[in-house]
file work16.pdb (PDB, C-alpha atoms)
ATOM      1  CA  MET L 935     -32.899 -50.866  -0.799  1.00  0.00           C
ATOM      2  CA  ALA L 936     -30.266 -51.235  -3.550  1.00  0.00           C
ATOM      3  CA  SER L 937     -30.069 -54.588  -5.318  1.00  0.00           C
ATOM      4  CA  SER L 938     -27.238 -56.886  -4.366  1.00  0.00           C
ATOM      5  CA  PRO L 939     -24.517 -57.542  -6.970  1.00  0.00           C
ATOM      6  CA  ASP L 940     -24.616 -61.220  -5.999  1.00  0.00           C
ATOM      7  CA  PHE L 941     -28.040 -61.714  -7.584  1.00  0.00           C
ATOM      8  CA  ALA L 942     -27.921 -62.833 -11.247  1.00  0.00           C
ATOM      9  CA  SER L 943     -30.097 -60.737 -13.602  1.00  0.00           C
ATOM     10  CA  ALA L 944     -32.878 -62.535 -15.495  1.00  0.00           C
ATOM     11  CA  ASP L 945     -31.824 -60.710 -18.719  1.00  0.00           C
ATOM     12  CA  HIS L 946     -28.233 -61.946 -18.580  1.00  0.00           C
ATOM     13  CA  THR L 947     -28.524 -65.736 -18.444  1.00  0.00           C
ATOM     14  CA  PRO L 948     -25.075 -67.261 -19.043  1.00  0.00           C
ATOM     15  CA  GLU L 949     -24.830 -69.323 -22.242  1.00  0.00           C
ATOM     16  CA  ASN L 950     -22.930 -72.495 -22.992  1.00  0.00           C
ATOM     17  CA  PRO L 951     -19.385 -71.526 -24.019  1.00  0.00           C
ATOM     18  CA  ASP L 952     -19.694 -73.869 -27.051  1.00  0.00           C
ATOM     19  CA  GLY L 953     -22.557 -71.786 -28.450  1.00  0.00           C
ATOM     20  CA  GLY L 954     -25.284 -74.279 -27.558  1.00  0.00           C
ATOM     21  CA  SER L 955     -28.301 -73.811 -25.423  1.00  0.00           C
ATOM     22  CA  PRO L 956     -28.143 -71.789 -22.232  1.00  0.00           C
ATOM     23  CA  ALA L 957     -26.217 -73.467 -19.454  1.00  0.00           C
ATOM     24  CA  SER L 958     -28.299 -75.562 -17.159  1.00  0.00           C
ATOM     25  CA  SER L 959     -29.127 -73.898 -13.893  1.00  0.00           C
ATOM     26  CA  PRO L 960     -29.257 -75.480 -10.458  1.00  0.00           C
ATOM     27  CA  ASP L 961     -32.518 -76.306  -8.818  1.00  0.00           C
ATOM     28  CA  PRO L 962     -34.398 -72.950  -8.303  1.00  0.00           C
ATOM     29  CA  ALA L 963     -35.404 -73.842  -4.778  1.00  0.00           C
ATOM     30  CA  ALA L 964     -31.822 -74.674  -3.853  1.00  0.00           C
ATOM     31  CA  ALA L 965     -30.565 -71.466  -5.473  1.00  0.00           C
ATOM     32  CA  GLY L 966     -33.164 -69.463  -3.607  1.00  0.00           C
ATOM     33  CA  ASP L 967     -32.081 -70.967  -0.302  1.00  0.00           C
ATOM     34  CA  GLY L 968     -28.462 -70.069  -1.033  1.00  0.00           C
ATOM     35  CA  ARG L 969     -29.333 -66.493  -1.918  1.00  0.00           C
ATOM     36  CA  ARG L 970     -31.510 -66.065   1.141  1.00  0.00           C
ATOM     37  CA  GLY L 971     -28.676 -67.453   3.230  1.00  0.00           C
ATOM     38  CA  ARG L 972     -26.244 -64.896   1.801  1.00  0.00           C
ATOM     39  CA  VAL L 973     -28.713 -62.054   2.446  1.00  0.00           C
ATOM     40  CA  ARG L 974     -29.197 -63.204   6.040  1.00  0.00           C
ATOM     41  CA  LEU L 975     -25.440 -63.303   6.576  1.00  0.00           C
ATOM     42  CA  ARG L 976     -25.048 -59.781   5.168  1.00  0.00           C
ATOM     43  CA  ARG L 977     -27.832 -58.440   7.363  1.00  0.00           C
ATOM     44  CA  ALA L 978     -26.335 -60.099  10.434  1.00  0.00           C
ATOM     45  CA  ALA L 979     -22.929 -58.599   9.635  1.00  0.00           C
ATOM     46  CA  VAL L 980     -24.405 -55.097   9.215  1.00  0.00           C
ATOM     47  CA  LEU L 981     -26.315 -55.345  12.493  1.00  0.00           C
ATOM     48  CA  ALA L 982     -23.226 -56.612  14.301  1.00  0.00           C
ATOM     49  CA  VAL L 983     -21.089 -53.584  13.345  1.00  0.00           C
ATOM     50  CA  PRO L 984     -22.846 -50.986  15.581  1.00  0.00           C
ATOM     51  CA  ALA L 985     -22.888 -53.406  18.539  1.00  0.00           C
ATOM     52  CA  THR L 986     -19.161 -54.057  18.088  1.00  0.00           C
ATOM     53  CA  LEU L 987     -18.389 -50.343  17.930  1.00  0.00           C
ATOM     54  CA  VAL L 988     -20.415 -49.630  21.065  1.00  0.00           C
ATOM     55  CA  ALA L 989     -18.690 -52.438  22.963  1.00  0.00           C
ATOM     56  CA  ALA L 990     -15.270 -51.179  21.842  1.00  0.00           C
ATOM     57  CA  ALA L 991     -16.099 -47.612  22.896  1.00  0.00           C
ATOM     58  CA  LEU L 992     -17.285 -48.751  26.334  1.00  0.00           C
ATOM     59  CA  ALA L 993     -14.094 -50.776  26.760  1.00  0.00           C
ATOM     60  CA  VAL L 994     -11.955 -47.743  25.903  1.00  0.00           C
ATOM     61  CA  PHE L 995     -13.838 -45.428  28.260  1.00  0.00           C
ATOM     62  CA  THR L 996     -13.686 -47.992  31.066  1.00  0.00           C
ATOM     63  CA  ALA L 997      -9.964 -48.539  30.550  1.00  0.00           C
ATOM     64  CA  GLN L 998      -9.347 -44.809  30.693  1.00  0.00           C
ATOM     65  CA  GLY L 999     -11.505 -44.227  33.747  1.00  0.00           C
ATOM     66  CA  ALA L1000     -13.846 -42.058  31.698  1.00  0.00           C
ATOM     67  CA  LEU L1001     -10.875 -39.984  30.812  1.00  0.00           C
ATOM     68  CA  GLY L1002     -10.329 -39.052  34.438  1.00  0.00           C
ATOM     69  CA  VAL L1003      -7.011 -40.869  34.859  1.00  0.00           C
ATOM     70  CA  GLN L1004      -4.812 -42.810  32.443  1.00  0.00           C
ATOM     71  CA  PHE L1005      -3.216 -45.231  34.936  1.00  0.00           C
ATOM     72  CA  ALA L1006      -4.183 -48.152  37.149  1.00  0.00           C
ATOM     73  CA  ILE L1007      -5.161 -46.863  40.583  1.00  0.00           C
ATOM     74  CA  SER L1008      -3.949 -48.519  43.791  1.00  0.00           C
ATOM     75  CA  GLY L1009      -7.486 -48.800  45.132  1.00  0.00           C
ATOM     76  CA  MET L1010      -6.484 -47.066  48.386  1.00  0.00           C
ATOM     77  CA  PRO L1011      -8.550 -43.893  48.944  1.00  0.00           C
ATOM     78  CA  PHE L1012      -6.864 -40.749  50.254  1.00  0.00           C
ATOM     79  CA  THR L1013      -8.248 -37.609  51.867  1.00  0.00           C
ATOM     80  CA  VAL L1014      -7.616 -34.087  50.555  1.00  0.00           C
ATOM     81  CA  THR L1015      -8.622 -30.915  52.407  1.00  0.00           C
ATOM     82  CA  ALA L1016      -8.065 -27.195  51.856  1.00  0.00           C
ATOM     83  CA  THR L1017      -9.416 -24.127  53.615  1.00  0.00           C
ATOM     84  CA  GLU L1018      -9.973 -22.474  50.220  1.00  0.00           C
ATOM     85  CA  LEU L1019      -9.968 -23.481  46.571  1.00  0.00           C
ATOM     86  CA  ASP L1020     -10.228 -21.006  43.693  1.00  0.00           C
ATOM     87  CA  GLY L1021     -10.469 -22.379  40.173  1.00  0.00           C
ATOM     88  CA  THR L1022     -10.780 -21.008  36.655  1.00  0.00           C
ATOM     89  CA  GLY L1023     -12.358 -23.325  34.104  1.00  0.00           C
ATOM     90  CA  PHE L1024     -14.294 -26.017  36.002  1.00  0.00           C
ATOM     91  CA  GLU L1025     -15.773 -29.303  34.729  1.00  0.00           C
ATOM     92  CA  GLN L1026     -17.311 -32.309  36.453  1.00  0.00           C
ATOM     93  CA  PHE L1027     -18.536 -35.679  35.152  1.00  0.00           C
ATOM     94  CA  GLY L1028     -18.813 -39.321  36.183  1.00  0.00           C
ATOM     95  CA  GLY L1029     -16.511 -42.178  35.284  1.00  0.00           C
ATOM     96  CA  LEU L1030     -14.785 -45.395  36.307  1.00  0.00           C
ATOM     97  CA  ASP L1031     -11.278 -45.894  37.671  1.00  0.00           C
ATOM     98  CA  ASN L1032      -9.587 -49.275  37.342  1.00  0.00           C
ATOM     99  CA  MET L1033      -7.138 -51.075  39.617  1.00  0.00           C
ATOM    100  CA  ALA L1034      -4.273 -53.216  38.381  1.00  0.00           C
ATOM    101  CA  ASP L1035      -5.184 -56.829  37.634  1.00  0.00           C
ATOM    102  CA  GLY L1036      -5.081 -58.922  40.786  1.00  0.00           C
ATOM    103  CA  SER L1037      -4.990 -55.915  43.131  1.00  0.00           C
ATOM    104  CA  PRO L1038      -5.513 -56.998  46.761  1.00  0.00           C
ATOM    105  CA  ASN L1039      -7.644 -53.869  47.228  1.00  0.00           C
ATOM    106  CA  ALA L1040     -10.237 -54.918  44.662  1.00  0.00           C
ATOM    107  CA  GLY L1041     -12.465 -56.705  47.175  1.00  0.00           C
ATOM    108  CA  ASP L1042     -15.875 -57.355  45.615  1.00  0.00           C
ATOM    109  CA  THR L1043     -15.671 -54.311  43.306  1.00  0.00           C
ATOM    110  CA  GLY L1044     -14.217 -56.168  40.340  1.00  0.00           C
ATOM    111  CA  GLY L1045     -11.291 -53.751  40.489  1.00  0.00           C
ATOM    112  CA  GLN L1046     -13.392 -50.746  39.493  1.00  0.00           C
ATOM    113  CA  VAL L1047     -14.427 -47.621  41.418  1.00  0.00           C
ATOM    114  CA  LEU L1048     -17.253 -45.318  40.344  1.00  0.00           C
ATOM    115  CA  VAL L1049     -15.952 -41.746  40.671  1.00  0.00           C
ATOM    116  CA  VAL L1050     -16.781 -38.133  39.957  1.00  0.00           C
ATOM    117  CA  THR L1051     -14.013 -36.452  37.971  1.00  0.00           C
ATOM    118  CA  SER L1052     -13.502 -32.747  38.705  1.00  0.00           C
ATOM    119  CA  ALA L1053     -11.265 -30.886  36.249  1.00  0.00           C
ATOM    120  CA  ILE L1054      -9.934 -27.367  36.804  1.00  0.00           C
ATOM    121  CA  LYS L1055      -7.857 -25.520  34.231  1.00  0.00           C
ATOM    122  CA  LYS L1056      -6.115 -23.321  36.819  1.00  0.00           C
ATOM    123  CA  ALA L1057      -6.449 -23.862  40.574  1.00  0.00           C
ATOM    124  CA  LYS L1058      -5.117 -22.286  43.769  1.00  0.00           C
ATOM    125  CA  LEU L1059      -5.505 -23.864  47.204  1.00  0.00           C
ATOM    126  CA  THR L1060      -4.829 -22.621  50.724  1.00  0.00           C
ATOM    127  CA  LYS L1061      -3.551 -24.962  53.455  1.00  0.00           C
ATOM    128  CA  LEU L1062      -3.624 -28.131  51.407  1.00  0.00           C
ATOM    129  CA  CYS L1063      -3.560 -31.402  53.353  1.00  0.00           C
ATOM    130  CA  GLN L1064      -3.421 -34.899  51.891  1.00  0.00           C
ATOM    131  CA  SER L1065      -3.353 -38.148  53.858  1.00  0.00           C
ATOM    132  CA  VAL L1066      -3.609 -41.861  53.171  1.00  0.00           C
ATOM    133  CA  ASP L1067      -4.254 -44.492  55.831  1.00  0.00           C
ATOM    134  CA  LEU L1068      -1.543 -47.157  55.632  1.00  0.00           C
ATOM    135  CA  GLY L1069      -3.032 -49.242  58.421  1.00  0.00           C
ATOM    136  CA  GLY L1070      -2.007 -47.994  61.851  1.00  0.00           C
ATOM    137  CA  THR L1071      -0.270 -44.870  60.523  1.00  0.00           C
ATOM    138  CA  ASN L1072      -0.952 -42.141  57.980  1.00  0.00           C
ATOM    139  CA  LEU L1073       1.250 -40.700  55.257  1.00  0.00           C
ATOM    140  CA  LEU L1074       0.585 -36.970  55.589  1.00  0.00           C
ATOM    141  CA  ILE L1075       1.432 -34.167  53.138  1.00  0.00           C
ATOM    142  CA  THR L1076       0.825 -30.477  53.824  1.00  0.00           C
ATOM    143  CA  ALA L1077       1.644 -27.399  51.739  1.00  0.00           C
ATOM    144  CA  GLY L1078       0.548 -23.835  51.106  1.00  0.00           C
ATOM    145  CA  SER L1079       0.257 -22.849  54.751  1.00  0.00           C
ATOM    146  CA  GLY L1080       2.322 -19.666  54.362  1.00  0.00           C
ATOM    147  CA  LYS L1081       1.836 -16.628  52.164  1.00  0.00           C
ATOM    148  CA  ASN L1082       2.179 -18.676  48.949  1.00  0.00           C
ATOM    149  CA  ARG L1083      -0.725 -20.852  47.924  1.00  0.00           C
ATOM    150  CA  VAL L1084      -0.580 -24.245  46.241  1.00  0.00           C
ATOM    151  CA  SER L1085      -1.169 -23.886  42.495  1.00  0.00           C
ATOM    152  CA  ALA L1086      -1.969 -26.361  39.734  1.00  0.00           C
ATOM    153  CA  THR L1087      -2.801 -26.351  36.023  1.00  0.00           C
ATOM    154  CA  ASP L1088      -4.970 -28.958  34.293  1.00  0.00           C
ATOM    155  CA  LEU L1089      -5.837 -30.425  37.680  1.00  0.00           C
ATOM    156  CA  THR L1090      -8.152 -33.446  37.836  1.00  0.00           C
ATOM    157  CA  THR L1091      -9.364 -35.346  40.888  1.00  0.00           C
ATOM    158  CA  ASP L1092     -11.344 -38.593  40.860  1.00  0.00           C
ATOM    159  CA  SER L1093     -13.500 -38.576  43.994  1.00  0.00           C
ATOM    160  CA  THR L1094     -16.143 -40.635  45.717  1.00  0.00           C
ATOM    161  CA  LYS L1095     -16.960 -37.843  48.204  1.00  0.00           C
ATOM    162  CA  LEU L1096     -16.679 -34.056  47.980  1.00  0.00           C
ATOM    163  CA  SER L1097     -17.956 -31.447  50.433  1.00  0.00           C
ATOM    164  CA  GLY L1098     -17.577 -27.745  51.194  1.00  0.00           C
ATOM    165  CA  ASP L1099     -19.248 -24.376  50.648  1.00  0.00           C
ATOM    166  CA  ALA L1100     -19.199 -23.830  46.880  1.00  0.00           C
ATOM    167  CA  ALA L1101     -19.934 -20.904  44.575  1.00  0.00           C
ATOM    168  CA  PHE L1102     -19.866 -21.040  40.760  1.00  0.00           C
ATOM    169  CA  LYS L1103     -19.891 -18.387  38.047  1.00  0.00           C
ATOM    170  CA  ASN L1104     -21.828 -19.037  34.809  1.00  0.00           C
ATOM    171  CA  ILE L1105     -22.542 -22.668  35.650  1.00  0.00           C
ATOM    172  CA  GLU L1106     -24.034 -25.046  33.062  1.00  0.00           C
ATOM    173  CA  ILE L1107     -25.699 -28.194  34.416  1.00  0.00           C
ATOM    174  CA  GLY L1108     -26.695 -31.184  32.290  1.00  0.00           C
ATOM    175  CA  ASN L1109     -24.087 -30.924  29.525  1.00  0.00           C
ATOM    176  CA  ASP L1110     -23.022 -33.971  27.553  1.00  0.00           C
ATOM    177  CA  ALA L1111     -19.591 -34.775  28.969  1.00  0.00           C
ATOM    178  CA  SER L1112     -18.075 -35.085  25.488  1.00  0.00           C
ATOM    179  CA  THR L1113     -18.841 -31.407  24.740  1.00  0.00           C
ATOM    180  CA  LEU L1114     -17.162 -29.781  27.769  1.00  0.00           C
ATOM    181  CA  ASP L1115     -14.839 -26.888  26.927  1.00  0.00           C
ATOM    182  CA  LYS L1116     -14.002 -25.013  30.149  1.00  0.00           C
ATOM    183  CA  ALA L1117     -10.998 -27.177  31.107  1.00  0.00           C
ATOM    184  CA  ASN L1118      -8.761 -29.634  29.284  1.00  0.00           C
ATOM    185  CA  ALA L1119     -10.830 -32.735  29.954  1.00  0.00           C
ATOM    186  CA  LYS L1120     -13.772 -34.461  28.312  1.00  0.00           C
ATOM    187  CA  GLY L1121     -15.904 -37.399  29.349  1.00  0.00           C
ATOM    188  CA  PRO L1122     -17.615 -40.058  27.219  1.00  0.00           C
ATOM    189  CA  ILE L1123     -20.574 -39.124  25.039  1.00  0.00           C
ATOM    190  CA  GLY L1124     -23.960 -39.478  26.714  1.00  0.00           C
ATOM    191  CA  VAL L1125     -22.652 -38.926  30.252  1.00  0.00           C
ATOM    192  CA  PHE L1126     -24.192 -36.221  32.474  1.00  0.00           C
ATOM    193  CA  SER L1127     -21.851 -33.359  33.399  1.00  0.00           C
ATOM    194  CA  GLN L1128     -21.602 -29.732  34.429  1.00  0.00           C
ATOM    195  CA  GLN L1129     -19.142 -26.889  33.937  1.00  0.00           C
ATOM    196  CA  ALA L1130     -18.574 -23.285  35.033  1.00  0.00           C
ATOM    197  CA  ASP L1131     -16.285 -20.350  34.298  1.00  0.00           C
ATOM    198  CA  THR L1132     -15.048 -20.264  37.908  1.00  0.00           C
ATOM    199  CA  VAL L1133     -15.438 -22.187  41.157  1.00  0.00           C
ATOM    200  CA  HIS L1134     -14.760 -21.173  44.758  1.00  0.00           C
ATOM    201  CA  ILE L1135     -14.965 -23.713  47.603  1.00  0.00           C
ATOM    202  CA  ASP L1136     -14.451 -23.018  51.307  1.00  0.00           C
ATOM    203  CA  ASN L1137     -13.603 -25.891  53.670  1.00  0.00           C
ATOM    204  CA  LEU L1138     -12.993 -28.343  50.824  1.00  0.00           C
ATOM    205  CA  ARG L1139     -12.892 -32.026  51.747  1.00  0.00           C
ATOM    206  CA  GLN L1140     -12.522 -34.890  49.263  1.00  0.00           C
ATOM    207  CA  THR L1141     -12.128 -38.654  49.298  1.00  0.00           C
ATOM    208  CA  ASN L1142     -10.035 -39.320  46.193  1.00  0.00           C
ATOM    209  CA  TYR L1143      -8.693 -42.290  44.297  1.00  0.00           C
ATOM    210  CA  ALA L1144      -6.561 -40.356  41.808  1.00  0.00           C
ATOM    211  CA  THR L1145      -5.188 -36.880  41.120  1.00  0.00           C
ATOM    212  CA  THR L1146      -3.389 -35.632  38.025  1.00  0.00           C
ATOM    213  CA  ALA L1147      -2.002 -32.226  37.042  1.00  0.00           C
ATOM    214  CA  ALA L1148       0.150 -30.819  34.257  1.00  0.00           C
ATOM    215  CA  VAL L1149       1.922 -28.584  36.810  1.00  0.00           C
ATOM    216  CA  PHE L1150       1.586 -28.870  40.609  1.00  0.00           C
ATOM    217  CA  LYS L1151       3.445 -26.361  42.814  1.00  0.00           C
ATOM    218  CA  LEU L1152       3.505 -27.032  46.573  1.00  0.00           C
ATOM    219  CA  PRO L1153       5.269 -24.269  48.526  1.00  0.00           C
ATOM    220  CA  GLY L1154       6.228 -25.284  52.065  1.00  0.00           C
ATOM    221  CA  LEU L1155       5.852 -28.989  51.272  1.00  0.00           C
ATOM    222  CA  ASN L1156       6.006 -31.202  54.353  1.00  0.00           C
ATOM    223  CA  LEU L1157       5.764 -35.007  54.054  1.00  0.00           C
ATOM    224  CA  ARG L1158       5.701 -37.167  57.188  1.00  0.00           C
ATOM    225  CA  PHE L1159       4.040 -40.054  59.004  1.00  0.00           C
ATOM    226  CA  SER L1160       1.337 -39.202  61.497  1.00  0.00           C
ATOM    227  CA  ASP L1161      -1.049 -40.914  63.901  1.00  0.00           C
ATOM    228  CA  SER L1162      -3.919 -38.928  62.412  1.00  0.00           C
ATOM    229  CA  GLY L1163      -4.940 -37.911  58.896  1.00  0.00           C
ATOM    230  CA  CYS L1164      -6.369 -34.693  57.468  1.00  0.00           C
TER     231      CYS L1164
END

call {"tool": "encode", "arguments": {"input": "work16.pdb", "output": "structure tokens"}}
result
Amino acid sequence: MASSPDFASADHTPENPDGGSPASSPDPAAAGDGRRGRVRLRRAAVLAVPATLVAAALAVFTAQGALGVQFAISGMPFTVTATELDGTGFEQFGGLDNMADGSPNAGDTGGQVLVVTSAIKKAKLTKLCQSVDLGGTNLLITAGSGKNRVSATDLTTDSTKLSGDAAFKNIEIGNDASTLDKANAKGPIGVFSQQADTVHIDNLRQTNYATTAAVFKLPGLNLRFSDSGC
């Protein structure tokens, strides 16, 4: 370990400025206690740096929902279904979504929801349906029921449930989420993830808390209130 510049060298004892005998030194025991104290403080500071960095990184990842969404979620889940989904560039990893401070939907969750983020570089969906229960009625959105399918680029969904009949091409399971490169999303380092060149899902059904997309095209869009959801 390199010597500390704060330690005085035995070969360079300071002399009296008037040319007399060497300057008197403080009590050796007291000096030793001071030096040991400085060394302890330095060691404590060095050890504290990694812990501070880790805490800061966790705070950033939590605030960003593990990079799934960049906004405060309402905390109201919504259902998404499609008869078919075809995607190019697929990634999936875990994360946290956060509600706005004081949200009435927080309950006993602390305002956080553990989610699985699915990212697709280019996606097409047939007969898309989305609904949210508003308490006694549902806000219902449908699209892509005709010859034109719903399409999206850089699509991400933060889900607590996902089901369907899935098929993947060139799938990789167990990647570190920070190294994903099939779509335009990455998770925090050390988080389990998977990715594939393509994904096909029949009878898709999701319970989502957030959806984002760079471009989202919904041909035949129909928004209405309904007694039933998707």

call {"tool": "atom_distance", "arguments": {"input": "work16.pdb", "atom1": "atom CA of Ser1097 of chain L", "atom2": "atom CA of Glu1025 of chain L"}}
result
16.0 Å

call {"tool": "residues_near_point", "arguments": {"input": "work16.pdb", "point": "(1.8, -32.9, 34.4)", "cutoff": "12 Å", "atoms": "only C-alpha atoms", "output": "ChimeraX atom specification"}}
result
/L:1003,1086-1090,1145-1151

call {"tool": "residues_around", "arguments": {"input": "work16.pdb", "residues": "segment 1075-1079 of chain L", "least_positions_apart": "2", "cutoff": "10 Å", "atoms": "all atoms listed in the file", "output": "PyMOL selection string"}}
result
chain L and resi 1014-1017+1058-1066+1072-1073+1081-1085+1151-1160+1163-1164

call {"tool": "write_last_selection", "arguments": {"input": "work16.pdb", "atoms": "C-alpha atoms", "output": "compact mmCIF listing (two decimals), in the coordinates of the input"}}
result
# COMPACT_ATOMS: atom_id res chain seq x y z
CA VAL L 1014 -7.62 -34.09 50.56
CA THR L 1015 -8.62 -30.92 52.41
CA ALA L 1016 -8.06 -27.20 51.86
CA THR L 1017 -9.42 -24.13 53.62
CA LYS L 1058 -5.12 -22.29 43.77
CA LEU L 1059 -5.50 -23.86 47.20
CA THR L 1060 -4.83 -22.62 50.72
CA LYS L 1061 -3.55 -24.96 53.46
CA LEU L 1062 -3.62 -28.13 51.41
CA CYS L 1063 -3.56 -31.40 53.35
CA GLN L 1064 -3.42 -34.90 51.89
CA SER L 1065 -3.35 -38.15 53.86
CA VAL L 1066 -3.61 -41.86 53.17
CA ASN L 1072 -0.95 -42.14 57.98
CA LEU L 1073 1.25 -40.70 55.26
CA LYS L 1081 1.84 -16.63 52.16
CA ASN L 1082 2.18 -18.68 48.95
CA ARG L 1083 -0.72 -20.85 47.92
CA VAL L 1084 -0.58 -24.24 46.24
CA SER L 1085 -1.17 -23.89 42.50
CA LYS L 1151 3.44 -26.36 42.81
CA LEU L 1152 3.50 -27.03 46.57
CA PRO L 1153 5.27 -24.27 48.53
CA GLY L 1154 6.23 -25.28 52.06
CA LEU L 1155 5.85 -28.99 51.27
CA ASN L 1156 6.01 -31.20 54.35
CA LEU L 1157 5.76 -35.01 54.05
CA ARG L 1158 5.70 -37.17 57.19
CA PHE L 1159 4.04 -40.05 59.00
CA SER L 1160 1.34 -39.20 61.50
CA GLY L 1163 -4.94 -37.91 58.90
CA CYS L 1164 -6.37 -34.69 57.47

call {"tool": "closest_residue", "arguments": {"input": "work16.pdb", "among": "L:Ala1144, L:Thr1091, L:Phe1027, L:His1134", "to": "Lys1103 of chain L", "atoms": "all atoms listed in the file"}}
result
L:His1134

call {"tool": "closest_residue", "arguments": {"input": "work16.pdb", "among": "L:Ala1034, L:Leu1048, L:Ser1008, L:Asp1161", "to": "Asp1092 of chain L", "atoms": "all atoms listed in the file"}}
result
L:Leu1048

call {"tool": "build_atoms", "arguments": {"input": "work16.pdb", "residues": "segment 1080-1086 of chain L", "atoms": "all heavy atoms", "output": "short mmCIF file (atom, residue, chain, number, x, y, z; two decimals), keeping the file's coordinate frame"}}
result
data_model
loop_
_atom_site.label_atom_id
_atom_site.label_comp_id
_atom_site.auth_asym_id
_atom_site.auth_seq_id
_atom_site.Cartn_x
_atom_site.Cartn_y
_atom_site.Cartn_z
N GLY L 1080 1.77 -21.01 54.21
CA GLY L 1080 2.32 -19.67 54.36
C GLY L 1080 1.65 -18.67 53.44
O GLY L 1080 0.48 -18.82 53.08
N LYS L 1081 2.42 -17.67 53.01
CA LYS L 1081 1.84 -16.63 52.16
C LYS L 1081 1.60 -17.10 50.73
O LYS L 1081 0.79 -16.53 50.00
CB LYS L 1081 2.74 -15.38 52.16
CG LYS L 1081 4.12 -15.62 51.58
CD LYS L 1081 4.94 -14.35 51.58
CE LYS L 1081 6.33 -14.58 50.96
NZ LYS L 1081 7.12 -13.32 50.92
N ASN L 1082 2.34 -18.15 50.30
CA ASN L 1082 2.18 -18.68 48.95
C ASN L 1082 1.22 -19.86 48.93
O ASN L 1082 1.34 -20.79 49.72
CB ASN L 1082 3.54 -19.12 48.39
CG ASN L 1082 4.49 -17.95 48.21
OD1 ASN L 1082 4.09 -16.87 47.82
ND2 ASN L 1082 5.76 -18.18 48.53
N ARG L 1083 0.27 -19.80 48.02
CA ARG L 1083 -0.72 -20.85 47.92
C ARG L 1083 -0.26 -21.97 46.98
O ARG L 1083 0.59 -21.76 46.10
CB ARG L 1083 -2.05 -20.28 47.39
CG ARG L 1083 -2.59 -19.12 48.20
CD ARG L 1083 -3.82 -18.52 47.54
NE ARG L 1083 -5.00 -19.36 47.69
CZ ARG L 1083 -6.17 -19.12 47.09
NH1 ARG L 1083 -6.29 -18.07 46.27
NH2 ARG L 1083 -7.20 -19.91 47.28
N VAL L 1084 -0.80 -23.15 47.18
CA VAL L 1084 -0.58 -24.24 46.24
C VAL L 1084 -1.25 -23.88 44.92
O VAL L 1084 -2.36 -23.33 44.91
CB VAL L 1084 -1.16 -25.56 46.79
CG1 VAL L 1084 -1.17 -26.65 45.73
CG2 VAL L 1084 -0.40 -26.01 48.03
N SER L 1085 -0.58 -24.18 43.81
CA SER L 1085 -1.17 -23.89 42.50
C SER L 1085 -1.03 -25.10 41.58
O SER L 1085 -0.11 -25.90 41.70
CB SER L 1085 -0.51 -22.67 41.85
OG SER L 1085 0.87 -22.91 41.61
N ALA L 1086 -1.98 -25.24 40.67
CA ALA L 1086 -1.97 -26.36 39.73
C ALA L 1086 -2.62 -25.94 38.43
O ALA L 1086 -3.52 -25.09 38.41
CB ALA L 1086 -2.71 -27.56 40.32
#
